[in-house]
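**Student:** Mind having a look at this structure? Questions to follow.
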Amino acid sequence: MANRKYTLGELCTITKGITGIQKAIAGEYPLVVTSEERKSHNEFQFDDEAVIVPLVSGTGHGHASIKRIHYQTGKFALGSILCAIIPKDKSILNSAYLFRFLNLNKENELVARMKGMANVTLPIKEIAKIEIPLPSLADQLEFVEKYNLLETDSRLIELEFQEQISLVKQLRQAFLFEAMQGKLCHPKTVEDHETGEQLLALIKAEKDQQLKDKKISKEKGLPPITQEEMPFEIPKDWVWCRIGDLVQHNSGKTLDSGRNKGKMRDYITTSNLYWGYFKLDKVKQIAIEDNELDKCTAVFGDLLICEGGEAGRCAIWKEKYDICFQNHIHRIRPSSNISNLFIYYFINYLNFSGNINTYRKGMGISNMSSKSLSSIKIPLPPLSMQNQIASKLDELMKACDELESSIKQSQLQNEQLLQQVLKETLAIKGKPARNAKLAIPDNRKNFAKQVLGGKIISLFKDDPNFTHIKLQKLQYLSEHIAEADLGSDYYFQTAGPYDNKFMHSIAINLERSKWFKEENYRYYPLEKVDQIDQYYEGYFAPVSDKLSNLFNLLANSTEAFSEIIATLYAVWNNRIIRKEELTDELLIVDFYSWSDRKRKYSEDELKKGLEIIRANNIEPRGFGKQLKRAKGK
């Protein structure tokens with residue numbers, strides 16, 4: 001039996017669940033559902049060892065995805081959108097072995113068989129077609145044991161990674177706390193001749209003048225901060241005050257479609273606002289009259305703060321266009337005497353320390369009212385010190401981001417290594433992998449290039465670090481790692497390999513196909529976006545494993561990381577094409593010779609980049625044409 005594969009239809013019964021999850025009655029039996037945790041039911045459907053597979057997509061409309069499969073034993077109930085796969089003869093096929101096999105091959109054997117453009121499902125008849133290698137029962141049990149041991153080791157490593165991420169979080173908190181105590185930066189004696197108290201008096205005088213000129217409305221006075229209320233000690237030239245003493249703030253437009261009038265305009269809600277950034281893939285519209293715009297429009301540099309949800313969550317609007325915002329968002333607009341970035345970091349400090357809960361009100365879902373926001377106690381340094389602190393924290397938080405990204409990359413590599421070792425142990429071949437070749441007709445190359453670009457955008461559009469530079473580097477790396485001859489014309493550009501024609505046509509072609517619309521460097525799905533996966537499977541299925549490996553590597557990575565990897569790949573590939581000597585030292589020399597921009601990266605970063613290329617098996621193989629400088633460059 002070990003010399004051939006058998007289908008699951010031959011070896012197993014495949015039975016759909018009968019329990020409507022919403023209609024389940026709590027009881028003594030586990031109810032297996034799509035989530036990791038079991039629910040319960042008062043009746044059981046099976047009394048056996050079974051592999052449980054979802055029959056619907058785990059990520060909703062139009063996308064093929066299975067988040068997890070389950071292994072269940074004993075008496076249990078099963079949700080109606082899942083099925084149980086049970087070996088007919090357990091002396092031939094072990095259930096735990098079957099679970100491990102399907103779990104390792106979930107993407108190739110289950111997700112790849114899902115059908116439908118809108119409501120994506122996995123037909124039971126497709127599951128029955130899956131072929132499984134069938135070694136002896138002893139070999140199956142040995143594999144399960146080895147799997148369990150490797151998984152235990154991997155879990156211990158994962159716990160270490162989680163501890164490292166926790167330490168990075170503590171490091172962020174320590175930086176923020178030291179900054180707000182005045183211990184992170186030292187004053188520049190020439191600039192810091194004013195004190196926080198003098199600055200506060202100046203701000204009050206400006207407010208009084210604005211009130212006199214009827215530019216602002218009179219506010220209710222805020223109570224002074226007593227010595228007992230001061231949370232910690234600050235430098236003697238700083239002063240404790242309240243946010244309401246420093247700035248004017250207001251909330252946006254009430255979302256009342258029945259009453260709102262005026263021109264339809266884009267607006268953001270608390271669901272678009274996160275700590276430090278905005279997600280703008282699902283921006284809504286609301287009718288707003290011109291005379292309302294001043295109150296509910298954010299411009300570059302405004303600090304926006306959530307009133308509800310995770311109250312206090314905030315970010316600075318840094319887009320080149322203005323945007324309207326809802327009434328559950330507070331806006332703080334910077335004045336010449338206050339750094340909004342300093343206020344942003346202080347609210348981050350409140351969040352990391354847990355002190356923000358003092359200003360959140362309400363049972364269950366908390367909120368931060370305008371009154372509560374005004375009452376927040378904040379230390380006020382001189383303006384030059386505010387700017388120093390904000391600049392230093394920018395630098396330190398970026399370092400923490402990179403450290404956390406490196407840890408997460410190591411997590412991913414650990415998981416990939418586990419999967420690879422297990423597949424090699426089982427000698428699972430799956431789909432054609434690294435040596436697979438693509439044969440795309442000349443008259444379809446431009447369209448295939450668009451499909452690849454569309455796939456990249458669909459995967460990365462919600463990535464806060466996704467930029468046009470990152471898109472181009474992903475496209476370049478994808479074509480070369482997949483060895484896909486798509487007629488591209490790459491040449492040296494400051495940030496790395498660049499195809500001018502592709503970058504100037506991709507947005508137009510995506511909109512023409514009704515896949516995506518680009519606005520202000522963001523991509524918004526259109527009505528036929530579901531076609532991308534279908535075309536991608538048709539063109540790139542033989543190399544999908546290689547491309548998935550690349551996409552996972554660059555998921556949530558910085559633009560700089562993508563630039564480093566793509567440029568190192570390009571100079572490496574050039575040397576292979578020219579049949580020149582290959583050493584890390586020469587590759588680093590070539591990298592720095594690319595453009596003056598490359599000097600901002602350290603040798604340690606480049607050495608790490610070369611290590612990552614090798615660790616992820618994406619070394620260049622001399623594919624394509626040698627990159628040259630554009631004419632006149």
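Chain identifiers are assigned as A, B, and so on, following the order in which chains appear in the structure tokens; residues are numbered from 1 within each chain, and ligands are numbered from 1 in order of appearance.
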Would you list the contacts of Ser505 (chain A) as a list of chain:residue names, taking every protein, DNA or RNA residue within 12 Å and counting only C-alpha atoms, but skipping same-chain residues closer than 6 positions in sequence?
**Tutor:**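 The residues satisfying every condition are A:Asn446, A:Phe447, A:Lys449, A:Gln450, A:Gly453, A:Asp499, A:Glu511, A:Arg512, A:Glu518.
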**Student:** Would you pick out the contacts of Tyr321 (chain A) at 8 Å or less, using only C-alpha atoms, so that residues sharing its chain but fewer than 6 positions from it are not included, and give the list as a list of chain:residue names?
**Tutor:**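 In the requested format, the answer is A:Val299, A:Phe300, A:Asn520.
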**Student:** Quick check for you: according to DSSP on this backbone, which residues of region 31-168 of chain A are classed as strand (DSSP E or B)? Reply as number ranges by chain.
**Tutor:** A: 31-32, 39-41, 46-47, 50-54, 56, 70-72, 75-79, 82-87, 115, 121, 131-133
**Student:** So that I can see what lies close to region 405-420 of chain A, please list as a PyMOL selection string the residues with an atom at most 10 Å from it, counting only C-alpha atoms and leaving out residues fewer than 6 positions away in the same chain.
**Tutor:** chain A and resi 103-105+147+150-151+153-155+157-162+164-165+168+399+426-428+549+552-558+612+615-616
**Student:** Leaving out Thr254 (chain A) and any residue of its chain fewer than 6 positions from it, which residues lie within 9 Å of it when counting only C-alpha atoms, given as an mmCIF file with N, CA, C and O atoms, in the first residue's frame?
**Tutor:**
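So selection11.cif came out as:
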```cif
data_model
loop_
_atom_site.group_PDB
_atom_site.id
_atom_site.type_symbol
_atom_site.label_atom_id
_atom_site.label_comp_id
_atom_site.auth_asym_id
_atom_site.auth_seq_id
_atom_site.Cartn_x
_atom_site.Cartn_y
_atom_site.Cartn_z
ATOM 1 N N ASN A 260 -28.841 64.608 7.286
ATOM 2 C CA ASN A 260 -27.669 65.250 6.686
ATOM 3 C C ASN A 260 -27.961 65.732 5.279
ATOM 4 O O ASN A 260 -28.607 65.047 4.492
ATOM 5 N N GLN A 326 -16.251 61.523 11.769
ATOM 6 C CA GLN A 326 -17.530 61.396 12.445
ATOM 7 C C GLN A 326 -17.501 62.033 13.837
ATOM 8 O O GLN A 326 -16.454 62.439 14.351
ATOM 9 N N ASN A 327 -18.665 62.050 14.465
ATOM 10 C CA ASN A 327 -18.794 62.707 15.769
ATOM 11 C C ASN A 327 -18.163 61.918 16.912
ATOM 12 O O ASN A 327 -18.004 62.450 18.004
ATOM 13 N N HIS A 328 -17.782 60.664 16.698
ATOM 14 C CA HIS A 328 -17.129 59.880 17.747
ATOM 15 C C HIS A 328 -15.608 59.975 17.673
ATOM 16 O O HIS A 328 -14.900 59.161 18.257
#
```
**Student:** Name all residues at most 12 Å from region 108-110 of chain A (count only C-alpha atoms; drop same-chain ones fewer than 5 positions away) and give them as JSON, numbers by chain.
**Tutor:** {"A": [7, 8, 52, 53, 54, 55, 56, 57, 64, 65, 66, 67, 68, 69, 101, 102, 103, 115, 121, 122, 123, 124, 125, 126, 127, 128, 129, 130, 131, 132, 428, 429, 430, 431, 432, 433, 537, 541, 542, 543, 544, 545, 548]}
**Student:** Excluding Phe591 (chain A) and residues on its chain fewer than 2 positions from it, collect all residues at most 12 Å away from it, counting only C-alpha atoms, and give them as an NGL selection string.
**Tutor:** :A and (492 or 494-497 or 563-575 or 584-589 or 593-603 or 605-607 or 609-610)
